[in-house]
Amino acid sequence: MRRVYLDHNATTPMRKEVIDEMLPYFDRIYANPETLHSFGQEAAEALSAARRKVAKLINCASNEVYFTSGGSEANNMFIKGVAFRRLDKKGHIITSAIEHSAVLSVVRFLVDEFGFEATYIEPDRNGIISPTEFEKAIKHDSFIASIMYVNNEVGTIQPIEEMAKIAHEHNILFHSDTVQAFGKLPVDVGKLGVDAASASAHKFYGPKGVGFLYLRNGTRITPLIHGGGHERSRRAGTHNVPGIVGLAKALELGYAELEDEEKRLRRLSNLLVDKITDRIPDVYLNGDREKAVANTVSLSFRGVEGESVLLALDMKGIAVTTGSACASKSLKISHVLKAMKTEPILAAGTIRFSLGHQTTEDDINYTVDALAEIIPRLRKISAL
Ligand SMILES: *Cc1c(COP(=O)(O)O)cnc(C)c1O
């Protein structure tokens, strides 16, 4: 059976070039990079080369890159790391209602367990956070803000640069979960003006279980993981050398192919939207195609349940998701669509298509044909 993977915002397959780059570090250059012998130094050199590569691509200094186990850890590392320095005086945290759970749950934890206060800024109906709303959320004791760059469910791009500027005018540290932006936008942490940013390799064709936190020099955090002096004593644990080498290679490919891939995916995702809306009535687009990354399309099909569509597409070898991967295991409506004030009946019939490096025009046509058969059939039998 034909297999069409349209779930790249959940995870991506590793690029062949990335796997090849990693292989020597499993069995040939395996020594601990912290060790002083030449075996270890060879691994240490690969580690610093990867760090330099990442720093150059995202436009920061090498010592501002902290390797982690992924995006969730990077978000936790910064938000908790800053909050834990203020356990005596607490304070107010600003975030948005459309963040990934790897930010929302951290903030909720700090509020529920430690007595911090938080504001969750609502987006507009298109899923964009306005800098004006951001400024309005600021209180006298606000000390940190975390707003994602690209939303994982609807693909919208947030005006991070403006918000980081406003935050700094009020002495507030600004973090961005930039996990979904890498490989899709030319992320430049200097230009964005953020104090911290999170990344995860498996979202840009690298290995799972590795990511990084960009942390501006001079920004103080309490480490989450204590142990040896790794990562400038801010994140203990023997380095995942193959993973880090793979991350750097994947990021390099991502930046090199950014423009061509943007154009190609923009054309394919426009084709997907046009063909679906041409052939199927009562379909609504979530988000803002003008202010969104090219690969992500979120569509609501009136009168069907997203889960039924997902399963019917799966029978035809097509992988998509309803809302986000985390929301998809429960029947709850996605918090992102809810915050965008999507009609509940439409939110329940929402499918996210996220295209990627291997997606072809044939894949799009095959998916549209499948939907044109599935949607009317499900509409006839649906309780909605
Ligand atoms: C996937 C994702 C994360 C979590 O990254 P992991 O490396 O899987 O922990 C965080 N934020 C966003 C926006 C994501 O899409």
# chains A, B, ... in the order shown; residues from 1 in each chain; ligands from 1

call {"tool": "select_by_dssp", "arguments": {"residues": "region 78-210 of chain A", "states": "alpha helix (DSSP H)", "output": "PyMOL selection string"}}
result
chain A and resi 78-83+101-114+131-137+160-169+189-192

call {"tool": "residues_near_ligand", "arguments": {"ligand": "ligand 1", "cutoff": "10 Å", "atoms": "only C-alpha atoms and all ligand atoms", "output": "PyMOL selection string"}}
result
chain A and resi 8-11+68-76+98-104+148-153+155+176-181+198-203+207-212+324-326

call {"tool": "atom_distance", "arguments": {"atom1": "CA of Val368 (chain A)", "atom2": "CA of Lys316 (chain A)"}}
result
11.7 Å

call {"tool": "closest_residue", "arguments": {"among": "A:Gly190, A:Gly228, A:Pro33, A:Gly206", "to": "Gly246 (chain A)", "atoms": "only C-alpha atoms"}}
result
A:Gly206

call {"tool": "closest_residue", "arguments": {"among": "A:Glu64, A:Glu34, A:Asp7, A:Glu42", "to": "Leu215 (chain A)", "atoms": "only C-alpha atoms"}}
result
A:Glu64

call {"tool": "residues_around", "arguments": {"residues": "Ser382 (chain A)", "least_positions_apart": "5", "cutoff": "9 Å", "atoms": "only C-alpha atoms", "output": "list in words"}}
result
Gly303, Val304, Glu305 and Arg377 of chain A

call {"tool": "closest_residue", "arguments": {"among": "A:Ile58, A:Ile157, A:Ile221, A:Leu213", "to": "Lys80 (chain A)", "atoms": "only C-alpha atoms"}}
result
A:Ile221

call {"tool": "closest_residue", "arguments": {"among": "A:Ile147, A:Ala294, A:Leu285, A:Ile225", "to": "Leu173 (chain A)", "atoms": "only C-alpha atoms"}}
result
A:Ile147

call {"tool": "residues_around", "arguments": {"residues": "His239 (chain A)", "least_positions_apart": "4", "cutoff": "9 Å", "atoms": "only C-alpha atoms", "output": "JSON, numbers by chain"}}
result
{"A": [32, 33, 34, 47, 67, 68, 230, 231, 243, 244]}

call {"tool": "write_last_selection", "arguments": {"atoms": "all heavy atoms", "output": "PDB file, in the first residue's frame"}}
result
ATOM      1  N   ASN A  32      34.328   9.362  25.847  1.00  0.00           N
ATOM      2  CA  ASN A  32      33.663  10.446  26.557  1.00  0.00           C
ATOM      3  C   ASN A  32      34.403  11.758  26.273  1.00  0.00           C
ATOM      4  O   ASN A  32      35.599  11.863  26.551  1.00  0.00           O
ATOM      5  CB  ASN A  32      33.684  10.127  28.063  1.00  0.00           C
ATOM      6  CG  ASN A  32      32.816  11.072  28.853  1.00  0.00           C
ATOM      7  OD1 ASN A  32      32.703  12.248  28.520  1.00  0.00           O
ATOM      8  ND2 ASN A  32      32.215  10.554  29.902  1.00  0.00           N
ATOM      9  N   PRO A  33      33.737  12.748  25.737  1.00  0.00           N
ATOM     10  CA  PRO A  33      34.438  13.996  25.388  1.00  0.00           C
ATOM     11  C   PRO A  33      35.017  14.749  26.585  1.00  0.00           C
ATOM     12  O   PRO A  33      35.792  15.681  26.412  1.00  0.00           O
ATOM     13  CB  PRO A  33      33.359  14.835  24.675  1.00  0.00           C
ATOM     14  CG  PRO A  33      32.056  14.211  24.995  1.00  0.00           C
ATOM     15  CD  PRO A  33      32.312  12.788  25.353  1.00  0.00           C
ATOM     16  N   GLU A  34      34.654  14.339  27.791  1.00  0.00           N
ATOM     17  CA  GLU A  34      35.198  14.991  28.988  1.00  0.00           C
ATOM     18  C   GLU A  34      36.568  14.425  29.378  1.00  0.00           C
ATOM     19  O   GLU A  34      37.211  14.965  30.265  1.00  0.00           O
ATOM     20  CB  GLU A  34      34.235  14.798  30.174  1.00  0.00           C
ATOM     21  CG  GLU A  34      32.875  15.459  29.988  1.00  0.00           C
ATOM     22  CD  GLU A  34      32.936  16.981  30.040  1.00  0.00           C
ATOM     23  OE1 GLU A  34      33.547  17.526  30.964  1.00  0.00           O
ATOM     24  OE2 GLU A  34      32.375  17.612  29.119  1.00  0.00           O
ATOM     25  N   LEU A  47      32.300  17.588  19.228  1.00  0.00           N
ATOM     26  CA  LEU A  47      31.307  18.316  20.023  1.00  0.00           C
ATOM     27  C   LEU A  47      31.468  19.823  19.832  1.00  0.00           C
ATOM     28  O   LEU A  47      30.488  20.533  19.579  1.00  0.00           O
ATOM     29  CB  LEU A  47      31.485  17.926  21.498  1.00  0.00           C
ATOM     30  CG  LEU A  47      30.501  18.450  22.515  1.00  0.00           C
ATOM     31  CD1 LEU A  47      29.093  17.946  22.202  1.00  0.00           C
ATOM     32  CD2 LEU A  47      30.913  17.991  23.923  1.00  0.00           C
ATOM     33  N   PHE A  67      23.396  22.069  24.879  1.00  0.00           N
ATOM     34  CA  PHE A  67      22.718  20.886  24.349  1.00  0.00           C
ATOM     35  C   PHE A  67      21.867  20.221  25.427  1.00  0.00           C
ATOM     36  O   PHE A  67      22.266  20.147  26.594  1.00  0.00           O
ATOM     37  CB  PHE A  67      23.735  19.900  23.761  1.00  0.00           C
ATOM     38  CG  PHE A  67      24.382  20.444  22.507  1.00  0.00           C
ATOM     39  CD1 PHE A  67      25.741  20.736  22.471  1.00  0.00           C
ATOM     40  CD2 PHE A  67      23.613  20.685  21.369  1.00  0.00           C
ATOM     41  CE1 PHE A  67      26.331  21.256  21.322  1.00  0.00           C
ATOM     42  CE2 PHE A  67      24.196  21.202  20.217  1.00  0.00           C
ATOM     43  CZ  PHE A  67      25.558  21.496  20.195  1.00  0.00           C
ATOM     44  N   THR A  68      20.684  19.788  25.007  1.00  0.00           N
ATOM     45  CA  THR A  68      19.721  19.166  25.924  1.00  0.00           C
ATOM     46  C   THR A  68      19.208  17.871  25.300  1.00  0.00           C
ATOM     47  O   THR A  68      19.639  17.486  24.217  1.00  0.00           O
ATOM     48  CB  THR A  68      18.505  20.090  26.155  1.00  0.00           C
ATOM     49  OG1 THR A  68      17.776  20.187  24.925  1.00  0.00           O
ATOM     50  CG2 THR A  68      18.922  21.474  26.615  1.00  0.00           C
ATOM     51  N   HIS A 230      29.415  19.588  32.888  1.00  0.00           N
ATOM     52  CA  HIS A 230      29.064  19.683  31.468  1.00  0.00           C
ATOM     53  C   HIS A 230      28.251  20.932  31.165  1.00  0.00           C
ATOM     54  O   HIS A 230      27.552  21.446  32.022  1.00  0.00           O
ATOM     55  CB  HIS A 230      28.242  18.467  31.027  1.00  0.00           C
ATOM     56  CG  HIS A 230      28.775  17.155  31.515  1.00  0.00           C
ATOM     57  ND1 HIS A 230      28.509  16.690  32.781  1.00  0.00           N
ATOM     58  CD2 HIS A 230      29.561  16.232  30.915  1.00  0.00           C
ATOM     59  CE1 HIS A 230      29.106  15.514  32.938  1.00  0.00           C
ATOM     60  NE2 HIS A 230      29.766  15.214  31.827  1.00  0.00           N
ATOM     61  N   GLU A 231      28.326  21.379  29.941  1.00  0.00           N
ATOM     62  CA  GLU A 231      27.534  22.540  29.487  1.00  0.00           C
ATOM     63  C   GLU A 231      27.659  23.708  30.464  1.00  0.00           C
ATOM     64  O   GLU A 231      26.664  24.250  30.945  1.00  0.00           O
ATOM     65  CB  GLU A 231      26.067  22.146  29.263  1.00  0.00           C
ATOM     66  CG  GLU A 231      25.853  21.061  28.213  1.00  0.00           C
ATOM     67  CD  GLU A 231      26.348  21.472  26.826  1.00  0.00           C
ATOM     68  OE1 GLU A 231      25.704  22.303  26.191  1.00  0.00           O
ATOM     69  OE2 GLU A 231      27.404  20.943  26.396  1.00  0.00           O
ATOM     70  N   GLY A 243      24.179  12.162  18.650  1.00  0.00           N
ATOM     71  CA  GLY A 243      22.967  12.975  18.519  1.00  0.00           C
ATOM     72  C   GLY A 243      23.285  14.434  18.222  1.00  0.00           C
ATOM     73  O   GLY A 243      22.667  15.056  17.362  1.00  0.00           O
ATOM     74  N   ILE A 244      24.272  14.961  18.928  1.00  0.00           N
ATOM     75  CA  ILE A 244      24.633  16.369  18.758  1.00  0.00           C
ATOM     76  C   ILE A 244      25.253  16.597  17.369  1.00  0.00           C
ATOM     77  O   ILE A 244      24.956  17.592  16.706  1.00  0.00           O
ATOM     78  CB  ILE A 244      25.590  16.811  19.901  1.00  0.00           C
ATOM     79  CG1 ILE A 244      24.798  16.847  21.221  1.00  0.00           C
ATOM     80  CG2 ILE A 244      26.223  18.161  19.607  1.00  0.00           C
ATOM     81  CD1 ILE A 244      25.655  16.954  22.474  1.00  0.00           C
TER      82      ILE A 244
END

call {"tool": "atom_distance", "arguments": {"atom1": "CA of Phe353 (chain A)", "atom2": "CA of Glu261 (chain A)"}}
result
16.5 Å

call {"tool": "residues_around", "arguments": {"residues": "region 357-362 of chain A", "least_positions_apart": "5", "cutoff": "8 Å", "atoms": "only C-alpha atoms", "output": "CSV table (one decimal) with all heavy atoms, in the first residue's frame"}}
result
chain,number,residue,atom,x,y,z
A,4,VAL,N,1.8,7.7,2.8
A,4,VAL,CA,2.0,9.2,2.7
A,4,VAL,C,2.0,9.8,4.1
A,4,VAL,O,1.1,9.7,4.8
A,4,VAL,CB,0.8,9.8,1.9
A,4,VAL,CG1,1.0,11.3,1.8
A,4,VAL,CG2,0.8,9.3,0.4
A,5,TYR,N,3.2,10.3,4.4
A,5,TYR,CA,3.4,10.8,5.8
A,5,TYR,C,3.2,12.3,5.8
A,5,TYR,O,4.0,13.1,5.2
A,5,TYR,CB,4.8,10.4,6.3
A,5,TYR,CG,5.1,10.9,7.7
A,5,TYR,CD1,4.6,10.2,8.8
A,5,TYR,CD2,5.8,12.0,8.0
A,5,TYR,CE1,4.8,10.6,10.1
A,5,TYR,CE2,6.1,12.4,9.3
A,5,TYR,CZ,5.5,11.7,10.3
A,5,TYR,OH,5.8,12.1,11.6
A,6,LEU,N,2.1,12.8,6.4
A,6,LEU,CA,1.8,14.2,6.4
A,6,LEU,C,1.7,14.7,7.9
A,6,LEU,O,0.8,15.3,8.3
A,6,LEU,CB,0.6,14.6,5.7
A,6,LEU,CG,0.6,14.3,4.2
A,6,LEU,CD1,-0.8,14.6,3.5
A,6,LEU,CD2,1.7,15.1,3.5
A,261,GLU,N,13.0,25.0,-0.3
A,261,GLU,CA,12.0,24.1,0.4
A,261,GLU,C,10.8,24.9,0.7
A,261,GLU,O,9.7,24.4,0.6
A,261,GLU,CB,12.7,23.5,1.6
A,261,GLU,CG,12.0,22.3,2.2
A,261,GLU,CD,11.8,21.1,1.3
A,261,GLU,OE1,12.1,21.2,0.1
A,261,GLU,OE2,11.1,20.1,1.7
A,268,LEU,N,2.9,23.2,-2.7
A,268,LEU,CA,2.2,21.9,-2.4
A,268,LEU,C,1.1,22.2,-1.4
A,268,LEU,O,0.0,21.6,-1.6
A,268,LEU,CB,3.2,20.9,-1.9
A,268,LEU,CG,4.2,20.3,-2.9
A,268,LEU,CD1,5.1,19.3,-2.2
A,268,LEU,CD2,3.5,19.7,-4.1

call {"tool": "select_by_dssp", "arguments": {"residues": "region 114-274 of chain A", "states": "strand (DSSP E)", "output": "list in words"}}
result
Glu117, Ala118, Thr119, Tyr120, Ile121, Ser142, Phe143, Ile144, Ala145, Ser146, Leu173, Phe174, His175, Ser176, Asp177, Ala196, Ala197, Ser198, Ala199, Ser200, Gly211, Phe212, Leu213, Tyr214 and Leu215 of chain A

call {"tool": "write_last_selection", "arguments": {"atoms": "N, CA and C atoms", "output": "mmCIF file, in the first residue's frame"}}
result
data_model
loop_
_atom_site.group_PDB
_atom_site.id
_atom_site.type_symbol
_atom_site.label_atom_id
_atom_site.label_comp_id
_atom_site.auth_asym_id
_atom_site.auth_seq_id
_atom_site.Cartn_x
_atom_site.Cartn_y
_atom_site.Cartn_z
ATOM 1 N N GLU A 117 2.433 33.566 39.606
ATOM 2 C CA GLU A 117 1.198 33.989 38.958
ATOM 3 C C GLU A 117 1.444 33.954 37.448
ATOM 4 N N ALA A 118 0.396 33.733 36.654
ATOM 5 C CA ALA A 118 0.625 33.684 35.199
ATOM 6 C C ALA A 118 -0.539 34.279 34.429
ATOM 7 N N THR A 119 -0.213 34.850 33.269
ATOM 8 C CA THR A 119 -1.227 35.300 32.315
ATOM 9 C C THR A 119 -1.015 34.523 31.026
ATOM 10 N N TYR A 120 -2.106 33.972 30.482
ATOM 11 C CA TYR A 120 -2.055 33.230 29.220
ATOM 12 C C TYR A 120 -2.726 34.100 28.160
ATOM 13 N N ILE A 121 -1.943 34.771 27.345
ATOM 14 C CA ILE A 121 -2.506 35.707 26.359
ATOM 15 C C ILE A 121 -3.278 34.939 25.287
ATOM 16 N N SER A 142 6.161 41.195 36.708
ATOM 17 C CA SER A 142 6.421 40.254 35.605
ATOM 18 C C SER A 142 7.938 40.147 35.441
ATOM 19 N N PHE A 143 8.452 38.913 35.362
ATOM 20 C CA PHE A 143 9.909 38.748 35.249
ATOM 21 C C PHE A 143 10.312 37.880 34.069
ATOM 22 N N ILE A 144 9.352 37.139 33.501
ATOM 23 C CA ILE A 144 9.694 36.259 32.379
ATOM 24 C C ILE A 144 8.501 36.154 31.448
ATOM 25 N N ALA A 145 8.797 36.029 30.140
ATOM 26 C CA ALA A 145 7.746 35.812 29.152
ATOM 27 C C ALA A 145 8.198 34.699 28.228
ATOM 28 N N SER A 146 7.259 33.851 27.827
ATOM 29 C CA SER A 146 7.588 32.773 26.895
ATOM 30 C C SER A 146 6.496 32.686 25.841
ATOM 31 N N LEU A 173 12.644 38.997 31.070
ATOM 32 C CA LEU A 173 13.390 38.068 30.225
ATOM 33 C C LEU A 173 12.435 37.454 29.203
ATOM 34 N N PHE A 174 12.899 37.308 27.957
ATOM 35 C CA PHE A 174 12.016 36.794 26.917
ATOM 36 C C PHE A 174 12.556 35.498 26.315
ATOM 37 N N HIS A 175 11.736 34.449 26.427
ATOM 38 C CA HIS A 175 12.072 33.145 25.855
ATOM 39 C C HIS A 175 11.098 32.811 24.735
ATOM 40 N N SER A 176 11.579 32.118 23.718
ATOM 41 C CA SER A 176 10.675 31.644 22.686
ATOM 42 C C SER A 176 10.886 30.154 22.433
ATOM 43 N N ASP A 177 9.784 29.409 22.414
ATOM 44 C CA ASP A 177 9.824 28.011 21.990
ATOM 45 C C ASP A 177 9.877 28.070 20.462
ATOM 46 N N ALA A 196 16.416 33.682 25.268
ATOM 47 C CA ALA A 196 16.539 32.232 25.210
ATOM 48 C C ALA A 196 15.603 31.683 24.140
ATOM 49 N N ALA A 197 16.012 30.542 23.540
ATOM 50 C CA ALA A 197 15.193 29.908 22.505
ATOM 51 C C ALA A 197 15.441 28.407 22.550
ATOM 52 N N SER A 198 14.392 27.621 22.272
ATOM 53 C CA SER A 198 14.494 26.162 22.364
ATOM 54 C C SER A 198 14.437 25.505 20.992
ATOM 55 N N ALA A 199 15.161 24.386 20.852
ATOM 56 C CA ALA A 199 15.151 23.648 19.590
ATOM 57 C C ALA A 199 15.164 22.148 19.849
ATOM 58 N N SER A 200 14.660 21.394 18.883
ATOM 59 C CA SER A 200 14.610 19.945 18.983
ATOM 60 C C SER A 200 14.962 19.334 17.631
ATOM 61 N N GLY A 211 18.428 18.186 21.553
ATOM 62 C CA GLY A 211 18.013 19.540 21.187
ATOM 63 C C GLY A 211 18.970 20.517 21.816
ATOM 64 N N PHE A 212 18.590 21.789 21.828
ATOM 65 C CA PHE A 212 19.444 22.760 22.517
ATOM 66 C C PHE A 212 18.635 23.943 23.014
ATOM 67 N N LEU A 213 19.248 24.612 23.988
ATOM 68 C CA LEU A 213 18.717 25.891 24.449
ATOM 69 C C LEU A 213 19.735 26.948 24.073
ATOM 70 N N TYR A 214 19.293 27.978 23.367
ATOM 71 C CA TYR A 214 20.134 29.160 23.201
ATOM 72 C C TYR A 214 19.895 29.994 24.452
ATOM 73 N N LEU A 215 20.964 30.377 25.127
ATOM 74 C CA LEU A 215 20.827 31.189 26.337
ATOM 75 C C LEU A 215 21.804 32.349 26.230
#

call {"tool": "residues_around", "arguments": {"residues": "Leu57 (chain A)", "least_positions_apart": "5", "cutoff": "9 Å", "atoms": "only C-alpha atoms", "output": "ChimeraX atom specification"}}
result
/A:52,186-188,251-252,255

call {"tool": "closest_residue", "arguments": {"among": "A:Ile280, A:Leu271, A:Leu337, A:Val154", "to": "Ser298 (chain A)", "atoms": "only C-alpha atoms"}}
result
A:Val154

call {"tool": "closest_residue", "arguments": {"among": "A:Val293, A:Val283, A:Val245, A:Ile351", "to": "Val320 (chain A)", "atoms": "only C-alpha atoms"}}
result
A:Ile351
